[in-house]
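Report on the following structure.
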Number of protein chains: 2
Amino acid sequence: MSIRLAILGYGNLGRGVELAVRQNPDMELVAVFTRRAPEALKLQTEGVPVYSVDEILAHKKDFDVLMICGGSATDLPEMTKKYAADFCVIDSFDTHANIPTHFANVDAAAKAGGNLALISCGWDPGMFSIARLYANCILPDGNDYTFWGKGVSQGHSDAIRRVEGVANGKQYTVPVPAALEAVRNGENPELTTRQKHTRVCYVVPKEGADLAKIENDIKTMPNYFSDYDTTVNFISQEEFDRDHKGMPHGGFVFRTGKTGANGENKHIIEYRLQLDSNPDFTASVLLAYARAIVRMHKEGMTGCKTVFDIAPSYLSPLSAEELRAHLL
Amino acid sequence: MSIRLAILGYGNLGRGVELAVRQNPDMELVAVFTRRAPEALKLQTEGVPVYSVDEILAHKKDFDVLMICGGSATDLPEMTKKYAADFCVIDSFDTHANIPTHFANVDAAAKAGGNLALISCGWDPGMFSIARLYANCILPDGNDYTFWGKGVSQGHSDAIRRVEGVANGKQYTVPVPAALEAVRNGENPELTTRQKHTRVCYVVPKEGADLAKIENDIKTMPNYFSDYDTTVNFISQEEFDRDHKGMPHGGFVFRTGKTGANGENKHIIEYRLQLDSNPDFTASVLLAYARAIVRMHKEGMTGCKTVFDIAPSYLSPLSAEELRAHLL
């Protein structure tokens, strides 16, 4: 029997989940819920109904897991704990510092409702977290390095667009090649913020704007840019539309460690992602974990989980026998 | 309370396990069992007793998990199923084709004895398998690539040493850089055996041996070398001892996939290991999983598991709260 999914929130992530369902023959999208007027949404899939989120309880029996595709700043802290009371839910909450609080809230709601919830799923937090955890357990005597990019930072792009005189803008986070190489060579460098990443901005200025002032305002912006080597490129809206519409991202998780009687043997574990579409990839991770959550709930588990708590075999449509024979 | 380990088999892997215990403060090595005369073994650790494996049942209460450090060809198929009847056990069985049979044998013995067993732990099978499984579940529409090396292949080194006129020899498996780059660039190449890896041999000839014949015998050896571009370097025993004593290994697991309405977004997942010592790293993986097996057995689980069945959090000495706060 298919795993029946519903999506709450139809932005980039929700659309990615919708498309990822097509690649998973054991899954079926049964509904999209929205806070907007349902008739305003045009799905990419024929025959899937769109409902107002206000009607969601009426559809309690229609799906196995609710994919909550909202933002981490304000949506998810409220939505996931609310809907975990009535549904098995998955979110991609990525405000690292607030994960313990979010977990406690969702865990209480899910347990009270007899549901199973998964928070902070995606690639960071998510696959990067798993890479860090495995590598730390294997090499207890070692160092961690995480690099992000080359990829678009939404937060930094938003910050650029708030600068006076800016019509449009996008910011790419780029790992410094020399830093990457030093880590990959096992040199265990100590790296400052500036030595790890550069920030490259593409800005469409408003007509008549003071370009020098825009550049200075960006480069000196505290928290976002002042601690980095930042490049500002001015381009036309046409160039922006042609070259900067995508949402690529990715990065590297390294663990470098040593073993032997005197630490004489060095080991480097590297996990790398190169993603053309950050929301598509995040959606694909969510789908694999949706399979796990539905199975684990059928086994009687309730409460809140993270990716750390889920055995890899739960993610696969293959049986344990098939996995042992073909993937081990 | 410490996790109490015993080692069965004191070769390279057993010695690696012994040293890895020092990096895990929650673990304690309580005994080494051997098929040799116990007095012949000189451990690297003060105060750990060495016993004949014939006495192992007398020590049933002394340890929580038995690390079976034997060879996959003949030792492990017999030993792991035998000892799983009496102990929680872990092995690194790596004959991929025979994993289903080995699993069934060990599972039956472990269940009958009320014990928990883990087979095929290490890096391939092991961490590479986990990388393949996660990546396949996330990107169902994609291609897999595994490269090994640069590293020493024991099997190929043994094959060299059986060639007439060879006093000593070592073989390195080396990924072809152009193939690696094509995969990493998302070109999804179709690669023949020859296009993926080269084989580089260092041979110490016996005095007066026919070097041309040795080189030809190696390069034309079926299964081992004839399908590869093979290089044979003749060196002295002094050079061999200076430059080729180590057992480095490693490799790359790639999954390349696509998402989007028309497969327009490409994604590349890469997991890479660079290991100065294959046995040390394998031992370090075994140790992390020893923690998991002891915990899961305390929760009441029995039978045989693989790395696919074990949630990442079981590997860590940190609590679930600490993991969520610091590694997620």
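Labels for the structure tokens follow display order: chains A, B, ..., residues from 1 in each chain, ligands from 1.
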
Identify every residue of chain A that has at least one atom within 7 Å of any atom of chain B, counting only C-alpha atoms, and report the result as a CSV table (one decimal) with N, CA and C atoms, in the first residue's frame.
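What landed in result06.csv:
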chain,number,residue,atom,x,y,z
A,19,LEU,N,7.3,17.2,-6.6
A,19,LEU,CA,8.1,16.6,-7.7
A,19,LEU,C,8.8,15.3,-7.3
A,23,GLN,N,9.3,10.4,-8.1
A,23,GLN,CA,10.5,9.5,-8.2
A,23,GLN,C,10.4,8.3,-7.2
A,99,ILE,N,17.0,24.2,18.2
A,99,ILE,CA,16.6,22.8,18.1
A,99,ILE,C,16.1,22.2,19.4
A,100,PRO,N,16.9,22.3,20.5
A,100,PRO,CA,16.4,21.6,21.7
A,100,PRO,C,15.0,22.1,22.2
A,125,PRO,N,20.6,21.3,9.0
A,125,PRO,CA,20.8,20.0,9.6
A,125,PRO,C,20.2,18.9,8.8
A,129,SER,N,24.7,16.6,9.4
A,129,SER,CA,24.7,16.2,10.8
A,129,SER,C,25.1,14.7,10.9
A,132,ARG,N,28.7,14.3,10.3
A,132,ARG,CA,29.5,14.7,11.4
A,132,ARG,C,29.4,13.6,12.5
A,133,LEU,N,28.2,13.1,12.8
A,133,LEU,CA,28.1,12.1,13.9
A,133,LEU,C,28.8,10.8,13.6
A,134,TYR,N,28.6,10.2,12.5
A,134,TYR,CA,29.4,9.0,12.2
A,134,TYR,C,30.9,9.2,12.3
A,137,CYS,N,32.2,9.6,15.8
A,137,CYS,CA,32.2,8.3,16.6
A,137,CYS,C,33.3,7.4,16.2
A,138,ILE,N,33.7,7.5,14.9
A,138,ILE,CA,34.7,6.6,14.4
A,138,ILE,C,36.1,7.2,14.7
A,139,LEU,N,36.3,8.5,14.6
A,139,LEU,CA,37.6,9.1,14.9
A,139,LEU,C,37.4,10.0,16.1
A,140,PRO,N,37.4,9.5,17.4
A,140,PRO,CA,37.2,10.4,18.5
A,140,PRO,C,38.3,11.4,18.7
A,141,ASP,N,39.5,11.1,18.2
A,141,ASP,CA,40.7,12.0,18.4
A,141,ASP,C,40.9,12.7,17.1
A,259,THR,N,45.1,7.7,14.5
A,259,THR,CA,45.1,6.4,15.3
A,259,THR,C,46.5,5.9,15.4
A,260,GLY,N,46.7,4.8,16.0
A,260,GLY,CA,48.0,4.2,16.2
A,260,GLY,C,48.5,4.4,17.6
A,261,ALA,N,49.6,3.7,17.9
A,261,ALA,CA,50.2,3.8,19.3
A,261,ALA,C,50.6,5.2,19.6
A,265,ASN,N,49.1,7.4,12.4
A,265,ASN,CA,48.3,7.1,11.2
A,265,ASN,C,47.1,8.2,11.1
A,266,LYS,N,47.1,8.9,10.0
A,266,LYS,CA,46.1,10.0,9.8
A,266,LYS,C,45.0,9.5,8.9
A,267,HIS,N,43.8,9.9,9.2
A,267,HIS,CA,42.6,9.5,8.4
A,267,HIS,C,41.8,10.7,8.1
A,268,ILE,N,41.2,10.8,6.9
A,268,ILE,CA,40.4,11.9,6.6
A,268,ILE,C,39.1,11.4,6.0
A,269,ILE,N,38.0,11.8,6.6
A,269,ILE,CA,36.6,11.4,6.1
A,269,ILE,C,36.0,12.7,5.5
A,270,GLU,N,35.5,12.6,4.3
A,270,GLU,CA,35.0,13.8,3.6
A,270,GLU,C,33.6,13.5,3.1
A,271,TYR,N,32.6,14.3,3.4
A,271,TYR,CA,31.3,14.2,2.8
A,271,TYR,C,31.0,15.4,2.0
A,272,ARG,N,30.7,15.3,0.8
A,272,ARG,CA,30.5,16.5,-0.1
A,272,ARG,C,29.2,16.5,-0.8
A,273,LEU,N,28.5,17.6,-0.9
A,273,LEU,CA,27.3,17.8,-1.7
A,273,LEU,C,27.5,18.9,-2.7
A,274,GLN,N,27.1,18.6,-3.9
A,274,GLN,CA,27.0,19.6,-5.0
A,274,GLN,C,25.6,19.6,-5.5
A,275,LEU,N,24.8,20.6,-5.2
A,275,LEU,CA,23.4,20.6,-5.4
A,275,LEU,C,22.9,21.7,-6.4
A,276,ASP,N,22.3,21.4,-7.5
A,276,ASP,CA,21.8,22.4,-8.4
A,276,ASP,C,20.6,23.2,-7.8
A,277,SER,N,19.9,22.5,-6.9
A,277,SER,CA,18.7,23.1,-6.3
A,277,SER,C,18.6,22.7,-4.8
A,280,ASP,N,15.0,21.4,-3.9
A,280,ASP,CA,14.8,20.1,-4.5
A,280,ASP,C,15.5,19.0,-3.7
A,284,SER,N,14.0,16.0,-1.4
A,284,SER,CA,14.3,14.6,-1.6
A,284,SER,C,14.7,13.9,-0.3
A,285,VAL,N,15.4,14.6,0.5
A,285,VAL,CA,15.8,14.0,1.8
A,285,VAL,C,14.5,13.8,2.7
A,288,ALA,N,12.6,10.6,1.7
A,288,ALA,CA,13.2,9.4,2.2
A,288,ALA,C,12.8,9.2,3.7
A,308,PHE,N,19.3,11.4,13.7
A,308,PHE,CA,20.2,10.6,14.4
A,308,PHE,C,19.5,9.3,14.9
A,309,ASP,N,18.2,9.3,15.1
A,309,ASP,CA,17.5,8.3,15.8
A,309,ASP,C,17.0,7.2,14.8
A,310,ILE,N,17.2,7.4,13.5
A,310,ILE,CA,16.6,6.6,12.5
A,310,ILE,C,17.6,5.7,11.8
A,311,ALA,N,17.5,4.4,11.9
A,311,ALA,CA,18.4,3.4,11.2
A,311,ALA,C,18.2,3.6,9.7
A,312,PRO,N,19.4,3.6,9.0
A,312,PRO,CA,19.4,3.8,7.5
A,312,PRO,C,18.4,2.9,6.8
A,313,SER,N,18.2,1.7,7.2
A,313,SER,CA,17.3,0.8,6.5
A,313,SER,C,15.9,1.2,6.4
A,315,LEU,N,14.9,4.0,5.5
A,315,LEU,CA,14.7,5.0,4.5
A,315,LEU,C,14.5,4.4,3.1
A,316,SER,N,14.7,3.1,3.0
A,316,SER,CA,14.8,2.5,1.7
A,316,SER,C,13.5,1.7,1.4
A,324,ARG,N,20.9,-6.1,2.1
A,324,ARG,CA,22.1,-6.9,2.4
A,324,ARG,C,22.7,-7.5,1.1
A,325,ALA,N,21.9,-7.9,0.2
A,325,ALA,CA,22.4,-8.6,-1.0
A,325,ALA,C,23.0,-7.6,-2.0
A,327,LEU,N,23.4,-3.7,-1.5
A,327,LEU,CA,24.0,-2.5,-1.2
A,327,LEU,C,25.1,-2.6,-0.1
A,328,LEU,N,25.1,-3.7,0.7
A,328,LEU,CA,26.1,-3.8,1.7
A,328,LEU,C,27.4,-4.1,1.1

Within 9 Å of region 228-239 of chain B using only C-alpha atoms, minus same-chain residues under 4 positions, as a PDB file with all heavy atoms, in the first residue's frame:
ATOM      1  N   ALA B 167      60.345 -12.046  -4.692  1.00  0.00           N
ATOM      2  CA  ALA B 167      60.669 -12.222  -3.277  1.00  0.00           C
ATOM      3  C   ALA B 167      59.657 -11.498  -2.397  1.00  0.00           C
ATOM      4  O   ALA B 167      59.278 -11.970  -1.330  1.00  0.00           O
ATOM      5  CB  ALA B 167      62.077 -11.701  -2.986  1.00  0.00           C
ATOM      6  N   ASN B 168      59.226 -10.336  -2.856  1.00  0.00           N
ATOM      7  CA  ASN B 168      58.277  -9.545  -2.071  1.00  0.00           C
ATOM      8  C   ASN B 168      57.535  -8.618  -3.024  1.00  0.00           C
ATOM      9  O   ASN B 168      58.030  -8.309  -4.115  1.00  0.00           O
ATOM     10  CB  ASN B 168      59.036  -8.733  -1.007  1.00  0.00           C
ATOM     11  CG  ASN B 168      58.172  -8.496   0.225  1.00  0.00           C
ATOM     12  OD1 ASN B 168      56.950  -8.631   0.169  1.00  0.00           O
ATOM     13  ND2 ASN B 168      58.814  -8.162   1.327  1.00  0.00           N
ATOM     14  N   THR B 193      36.098  -1.344 -16.545  1.00  0.00           N
ATOM     15  CA  THR B 193      37.020  -1.675 -15.464  1.00  0.00           C
ATOM     16  C   THR B 193      38.342  -0.936 -15.641  1.00  0.00           C
ATOM     17  O   THR B 193      38.868  -0.325 -14.712  1.00  0.00           O
ATOM     18  CB  THR B 193      37.265  -3.196 -15.466  1.00  0.00           C
ATOM     19  OG1 THR B 193      36.009  -3.829 -15.200  1.00  0.00           O
ATOM     20  CG2 THR B 193      38.279  -3.608 -14.416  1.00  0.00           C
ATOM     21  N   ARG B 194      38.882  -0.966 -16.864  1.00  0.00           N
ATOM     22  CA  ARG B 194      40.166  -0.337 -17.150  1.00  0.00           C
ATOM     23  C   ARG B 194      40.125   1.176 -16.967  1.00  0.00           C
ATOM     24  O   ARG B 194      41.119   1.797 -16.575  1.00  0.00           O
ATOM     25  CB  ARG B 194      40.583  -0.676 -18.587  1.00  0.00           C
ATOM     26  CG  ARG B 194      42.010  -0.325 -18.969  1.00  0.00           C
ATOM     27  CD  ARG B 194      42.336  -0.760 -20.400  1.00  0.00           C
ATOM     28  NE  ARG B 194      42.224  -2.191 -20.610  1.00  0.00           N
ATOM     29  CZ  ARG B 194      43.198  -3.074 -20.367  1.00  0.00           C
ATOM     30  NH1 ARG B 194      44.369  -2.663 -19.951  1.00  0.00           N
ATOM     31  NH2 ARG B 194      43.002  -4.361 -20.552  1.00  0.00           N
ATOM     32  N   GLN B 195      38.965   1.765 -17.250  1.00  0.00           N
ATOM     33  CA  GLN B 195      38.866   3.226 -17.161  1.00  0.00           C
ATOM     34  C   GLN B 195      38.725   3.724 -15.721  1.00  0.00           C
ATOM     35  O   GLN B 195      38.881   4.906 -15.461  1.00  0.00           O
ATOM     36  CB  GLN B 195      37.676   3.717 -17.993  1.00  0.00           C
ATOM     37  CG  GLN B 195      37.939   3.649 -19.496  1.00  0.00           C
ATOM     38  CD  GLN B 195      36.683   3.871 -20.314  1.00  0.00           C
ATOM     39  OE1 GLN B 195      35.586   3.502 -19.900  1.00  0.00           O
ATOM     40  NE2 GLN B 195      36.838   4.494 -21.476  1.00  0.00           N
ATOM     41  N   LYS B 196      38.388   2.838 -14.793  1.00  0.00           N
ATOM     42  CA  LYS B 196      38.151   3.281 -13.416  1.00  0.00           C
ATOM     43  C   LYS B 196      39.403   3.247 -12.541  1.00  0.00           C
ATOM     44  O   LYS B 196      39.618   4.132 -11.725  1.00  0.00           O
ATOM     45  CB  LYS B 196      37.054   2.421 -12.760  1.00  0.00           C
ATOM     46  CG  LYS B 196      35.657   2.725 -13.287  1.00  0.00           C
ATOM     47  CD  LYS B 196      34.592   1.946 -12.530  1.00  0.00           C
ATOM     48  CE  LYS B 196      34.395   2.485 -11.120  1.00  0.00           C
ATOM     49  NZ  LYS B 196      33.422   1.671 -10.354  1.00  0.00           N
ATOM     50  N   HIS B 197      40.185   2.161 -12.663  1.00  0.00           N
ATOM     51  CA  HIS B 197      41.336   1.997 -11.761  1.00  0.00           C
ATOM     52  C   HIS B 197      42.564   1.543 -12.529  1.00  0.00           C
ATOM     53  O   HIS B 197      42.446   0.787 -13.489  1.00  0.00           O
ATOM     54  CB  HIS B 197      41.037   0.922 -10.696  1.00  0.00           C
ATOM     55  CG  HIS B 197      39.915   1.281  -9.775  1.00  0.00           C
ATOM     56  ND1 HIS B 197      38.625   0.865  -9.987  1.00  0.00           N
ATOM     57  CD2 HIS B 197      39.900   2.024  -8.639  1.00  0.00           C
ATOM     58  CE1 HIS B 197      37.857   1.337  -9.017  1.00  0.00           C
ATOM     59  NE2 HIS B 197      38.596   2.044  -8.180  1.00  0.00           N
ATOM     60  N   THR B 198      43.731   1.984 -12.075  1.00  0.00           N
ATOM     61  CA  THR B 198      44.990   1.384 -12.519  1.00  0.00           C
ATOM     62  C   THR B 198      45.585   0.612 -11.337  1.00  0.00           C
ATOM     63  O   THR B 198      45.211   0.838 -10.176  1.00  0.00           O
ATOM     64  CB  THR B 198      45.998   2.452 -12.986  1.00  0.00           C
ATOM     65  OG1 THR B 198      46.136   3.434 -11.960  1.00  0.00           O
ATOM     66  CG2 THR B 198      45.516   3.130 -14.250  1.00  0.00           C
ATOM     67  N   ARG B 199      46.505  -0.306 -11.675  1.00  0.00           N
ATOM     68  CA  ARG B 199      47.147  -1.116 -10.635  1.00  0.00           C
ATOM     69  C   ARG B 199      48.654  -0.890 -10.714  1.00  0.00           C
ATOM     70  O   ARG B 199      49.255  -1.053 -11.773  1.00  0.00           O
ATOM     71  CB  ARG B 199      46.795  -2.594 -10.818  1.00  0.00           C
ATOM     72  CG  ARG B 199      45.283  -2.836 -10.715  1.00  0.00           C
ATOM     73  CD  ARG B 199      44.942  -4.261 -10.377  1.00  0.00           C
ATOM     74  NE  ARG B 199      43.514  -4.432 -10.168  1.00  0.00           N
ATOM     75  CZ  ARG B 199      42.882  -4.193  -9.013  1.00  0.00           C
ATOM     76  NH1 ARG B 199      43.563  -3.781  -7.955  1.00  0.00           N
ATOM     77  NH2 ARG B 199      41.584  -4.378  -8.918  1.00  0.00           N
ATOM     78  N   VAL B 200      49.218  -0.468  -9.592  1.00  0.00           N
ATOM     79  CA  VAL B 200      50.638  -0.137  -9.543  1.00  0.00           C
ATOM     80  C   VAL B 200      51.317  -1.115  -8.583  1.00  0.00           C
ATOM     81  O   VAL B 200      50.940  -1.197  -7.410  1.00  0.00           O
ATOM     82  CB  VAL B 200      50.849   1.321  -9.085  1.00  0.00           C
ATOM     83  CG1 VAL B 200      52.337   1.657  -9.035  1.00  0.00           C
ATOM     84  CG2 VAL B 200      50.098   2.284 -10.006  1.00  0.00           C
ATOM     85  N   CYS B 201      52.319  -1.836  -9.116  1.00  0.00           N
ATOM     86  CA  CYS B 201      52.966  -2.892  -8.334  1.00  0.00           C
ATOM     87  C   CYS B 201      54.415  -2.517  -8.015  1.00  0.00           C
ATOM     88  O   CYS B 201      55.129  -1.988  -8.874  1.00  0.00           O
ATOM     89  CB  CYS B 201      52.974  -4.208  -9.121  1.00  0.00           C
ATOM     90  SG  CYS B 201      51.348  -4.674  -9.742  1.00  0.00           S
ATOM     91  N   TYR B 202      54.831  -2.800  -6.790  1.00  0.00           N
ATOM     92  CA  TYR B 202      56.231  -2.671  -6.383  1.00  0.00           C
ATOM     93  C   TYR B 202      56.725  -4.066  -6.044  1.00  0.00           C
ATOM     94  O   TYR B 202      56.174  -4.718  -5.146  1.00  0.00           O
ATOM     95  CB  TYR B 202      56.360  -1.711  -5.201  1.00  0.00           C
ATOM     96  CG  TYR B 202      56.023  -0.302  -5.618  1.00  0.00           C
ATOM     97  CD1 TYR B 202      54.702   0.150  -5.582  1.00  0.00           C
ATOM     98  CD2 TYR B 202      57.002   0.552  -6.107  1.00  0.00           C
ATOM     99  CE1 TYR B 202      54.377   1.427  -6.007  1.00  0.00           C
ATOM    100  CE2 TYR B 202      56.694   1.836  -6.537  1.00  0.00           C
ATOM    101  CZ  TYR B 202      55.386   2.257  -6.489  1.00  0.00           C
ATOM    102  OH  TYR B 202      55.065   3.522  -6.923  1.00  0.00           O
ATOM    103  N   VAL B 203      57.737  -4.515  -6.806  1.00  0.00           N
ATOM    104  CA  VAL B 203      58.172  -5.898  -6.723  1.00  0.00           C
ATOM    105  C   VAL B 203      59.652  -5.957  -6.351  1.00  0.00           C
ATOM    106  O   VAL B 203      60.482  -5.290  -6.977  1.00  0.00           O
ATOM    107  CB  VAL B 203      57.958  -6.613  -8.070  1.00  0.00           C
ATOM    108  CG1 VAL B 203      58.556  -8.021  -8.038  1.00  0.00           C
ATOM    109  CG2 VAL B 203      56.472  -6.660  -8.410  1.00  0.00           C
ATOM    110  N   VAL B 204      59.960  -6.748  -5.328  1.00  0.00           N
ATOM    111  CA  VAL B 204      61.350  -7.079  -5.002  1.00  0.00           C
ATOM    112  C   VAL B 204      61.634  -8.431  -5.652  1.00  0.00           C
ATOM    113  O   VAL B 204      61.066  -9.444  -5.228  1.00  0.00           O
ATOM    114  CB  VAL B 204      61.563  -7.160  -3.479  1.00  0.00           C
ATOM    115  CG1 VAL B 204      63.033  -7.473  -3.173  1.00  0.00           C
ATOM    116  CG2 VAL B 204      61.114  -5.875  -2.800  1.00  0.00           C
ATOM    117  N   PRO B 205      62.509  -8.463  -6.708  1.00  0.00           N
ATOM    118  CA  PRO B 205      62.758  -9.744  -7.381  1.00  0.00           C
ATOM    119  C   PRO B 205      63.765 -10.580  -6.591  1.00  0.00           C
ATOM    120  O   PRO B 205      64.584 -10.056  -5.841  1.00  0.00           O
ATOM    121  CB  PRO B 205      63.357  -9.324  -8.724  1.00  0.00           C
ATOM    122  CG  PRO B 205      63.985  -7.985  -8.469  1.00  0.00           C
ATOM    123  CD  PRO B 205      63.239  -7.341  -7.334  1.00  0.00           C
ATOM    124  N   LEU B 211      63.301 -10.433 -15.015  1.00  0.00           N
ATOM    125  CA  LEU B 211      62.385  -9.323 -14.722  1.00  0.00           C
ATOM    126  C   LEU B 211      61.300  -9.177 -15.782  1.00  0.00           C
ATOM    127  O   LEU B 211      60.140  -8.896 -15.465  1.00  0.00           O
ATOM    128  CB  LEU B 211      63.174  -8.015 -14.584  1.00  0.00           C
ATOM    129  CG  LEU B 211      64.286  -7.992 -13.521  1.00  0.00           C
ATOM    130  CD1 LEU B 211      64.763  -6.551 -13.285  1.00  0.00           C
ATOM    131  CD2 LEU B 211      63.816  -8.594 -12.200  1.00  0.00           C
ATOM    132  N   ILE B 214      58.665 -11.720 -15.101  1.00  0.00           N
ATOM    133  CA  ILE B 214      57.837 -11.347 -13.933  1.00  0.00           C
ATOM    134  C   ILE B 214      56.805 -10.297 -14.344  1.00  0.00           C
ATOM    135  O   ILE B 214      55.613 -10.419 -14.060  1.00  0.00           O
ATOM    136  CB  ILE B 214      58.716 -10.784 -12.787  1.00  0.00           C
ATOM    137  CG1 ILE B 214      59.560 -11.894 -12.161  1.00  0.00           C
ATOM    138  CG2 ILE B 214      57.842 -10.119 -11.723  1.00  0.00           C
ATOM    139  CD1 ILE B 214      60.550 -11.389 -11.103  1.00  0.00           C
ATOM    140  N   GLU B 215      57.290  -9.275 -15.032  1.00  0.00           N
ATOM    141  CA  GLU B 215      56.388  -8.194 -15.432  1.00  0.00           C
ATOM    142  C   GLU B 215      55.255  -8.728 -16.300  1.00  0.00           C
ATOM    143  O   GLU B 215      54.082  -8.385 -16.096  1.00  0.00           O
ATOM    144  CB  GLU B 215      57.180  -7.102 -16.179  1.00  0.00           C
ATOM    145  CG  GLU B 215      56.299  -5.941 -16.590  1.00  0.00           C
ATOM    146  CD  GLU B 215      57.078  -4.712 -17.039  1.00  0.00           C
ATOM    147  OE1 GLU B 215      58.294  -4.642 -16.774  1.00  0.00           O
ATOM    148  OE2 GLU B 215      56.452  -3.837 -17.636  1.00  0.00           O
ATOM    149  N   ILE B 218      52.736 -10.866 -14.315  1.00  0.00           N
ATOM    150  CA  ILE B 218      51.810 -10.057 -13.519  1.00  0.00           C
ATOM    151  C   ILE B 218      50.760  -9.410 -14.427  1.00  0.00           C
ATOM    152  O   ILE B 218      49.548  -9.538 -14.194  1.00  0.00           O
ATOM    153  CB  ILE B 218      52.575  -8.969 -12.718  1.00  0.00           C
ATOM    154  CG1 ILE B 218      53.432  -9.624 -11.624  1.00  0.00           C
ATOM    155  CG2 ILE B 218      51.596  -7.972 -12.105  1.00  0.00           C
ATOM    156  CD1 ILE B 218      54.339  -8.654 -10.884  1.00  0.00           C
ATOM    157  N   LYS B 219      51.238  -8.735 -15.472  1.00  0.00           N
ATOM    158  CA  LYS B 219      50.315  -7.944 -16.294  1.00  0.00           C
ATOM    159  C   LYS B 219      49.260  -8.786 -17.001  1.00  0.00           C
ATOM    160  O   LYS B 219      48.184  -8.295 -17.315  1.00  0.00           O
ATOM    161  CB  LYS B 219      51.107  -7.144 -17.333  1.00  0.00           C
ATOM    162  CG  LYS B 219      51.884  -5.975 -16.724  1.00  0.00           C
ATOM    163  CD  LYS B 219      52.530  -5.132 -17.819  1.00  0.00           C
ATOM    164  CE  LYS B 219      53.107  -3.856 -17.234  1.00  0.00           C
ATOM    165  NZ  LYS B 219      53.786  -3.039 -18.257  1.00  0.00           N
ATOM    166  N   TYR B 224      42.978 -10.729 -11.824  1.00  0.00           N
ATOM    167  CA  TYR B 224      43.694  -9.777 -10.979  1.00  0.00           C
ATOM    168  C   TYR B 224      44.210  -8.561 -11.746  1.00  0.00           C
ATOM    169  O   TYR B 224      44.094  -7.434 -11.287  1.00  0.00           O
ATOM    170  CB  TYR B 224      44.856 -10.467 -10.271  1.00  0.00           C
ATOM    171  CG  TYR B 224      44.409 -11.352  -9.139  1.00  0.00           C
ATOM    172  CD1 TYR B 224      44.131 -12.695  -9.349  1.00  0.00           C
ATOM    173  CD2 TYR B 224      44.255 -10.828  -7.865  1.00  0.00           C
ATOM    174  CE1 TYR B 224      43.714 -13.503  -8.305  1.00  0.00           C
ATOM    175  CE2 TYR B 224      43.845 -11.622  -6.815  1.00  0.00           C
ATOM    176  CZ  TYR B 224      43.569 -12.967  -7.037  1.00  0.00           C
ATOM    177  OH  TYR B 224      43.164 -13.749  -6.003  1.00  0.00           O
ATOM    178  N   ASP B 243      59.527   2.382   2.022  1.00  0.00           N
ATOM    179  CA  ASP B 243      58.407   3.102   1.412  1.00  0.00           C
ATOM    180  C   ASP B 243      57.088   2.341   1.369  1.00  0.00           C
ATOM    181  O   ASP B 243      56.050   2.930   1.072  1.00  0.00           O
ATOM    182  CB  ASP B 243      58.764   3.482  -0.033  1.00  0.00           C
ATOM    183  CG  ASP B 243      59.996   4.372  -0.112  1.00  0.00           C
ATOM    184  OD1 ASP B 243      60.272   5.079   0.886  1.00  0.00           O
ATOM    185  OD2 ASP B 243      60.677   4.349  -1.149  1.00  0.00           O
ATOM    186  N   HIS B 244      57.109   1.045   1.619  1.00  0.00           N
ATOM    187  CA  HIS B 244      55.893   0.258   1.348  1.00  0.00           C
ATOM    188  C   HIS B 244      55.492  -0.647   2.499  1.00  0.00           C
ATOM    189  O   HIS B 244      54.923  -1.708   2.300  1.00  0.00           O
ATOM    190  CB  HIS B 244      56.078  -0.543   0.050  1.00  0.00           C
ATOM    191  CG  HIS B 244      56.369   0.340  -1.123  1.00  0.00           C
ATOM    192  ND1 HIS B 244      55.406   1.107  -1.730  1.00  0.00           N
ATOM    193  CD2 HIS B 244      57.531   0.629  -1.770  1.00  0.00           C
ATOM    194  CE1 HIS B 244      55.946   1.814  -2.719  1.00  0.00           C
ATOM    195  NE2 HIS B 244      57.243   1.542  -2.752  1.00  0.00           N
TER     196      HIS B 244
END

Close residues, Gly71 (chain B) itself excluded, 12 Å, only C-alpha atoms, min 5 positions apart in chain, as a list in words:
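In the requested form, the answer reads Leu8, Gly9, Tyr10, Gly11, Asn12, Leu13, Gly14, Leu76, Pro77, Glu78, Met79, Thr80, Asp91, Ser92, Phe93, Asp94, Thr95, Ser120, Gln154, Gly155 and Pro279 of chain B.
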
Measure the distance from CA of Ile293 (chain B) to CA of Cys88 (chain B) in Å and round it to one decimal.
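If I compute the distance from CA of Ile293 (chain B) to CA of Cys88 (chain B), I get 7.6 Å.
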
Any idea what's packed within 8 Å of Asp26 (chain B), counting only C-alpha atoms, ignoring anything in its chain fewer than 4 positions away? Could you give it as a PyMOL selection string?
chain B and resi 1-3+317

Mind listing the strand (DSSP E or B) residues of region 16-178 of chain A, per DSSP on the backbone, as a PyMOL selection string?
chain A and resi 27-34+50-52+65-68+89-90+116-118+123+126+142-148+151-152+166-175
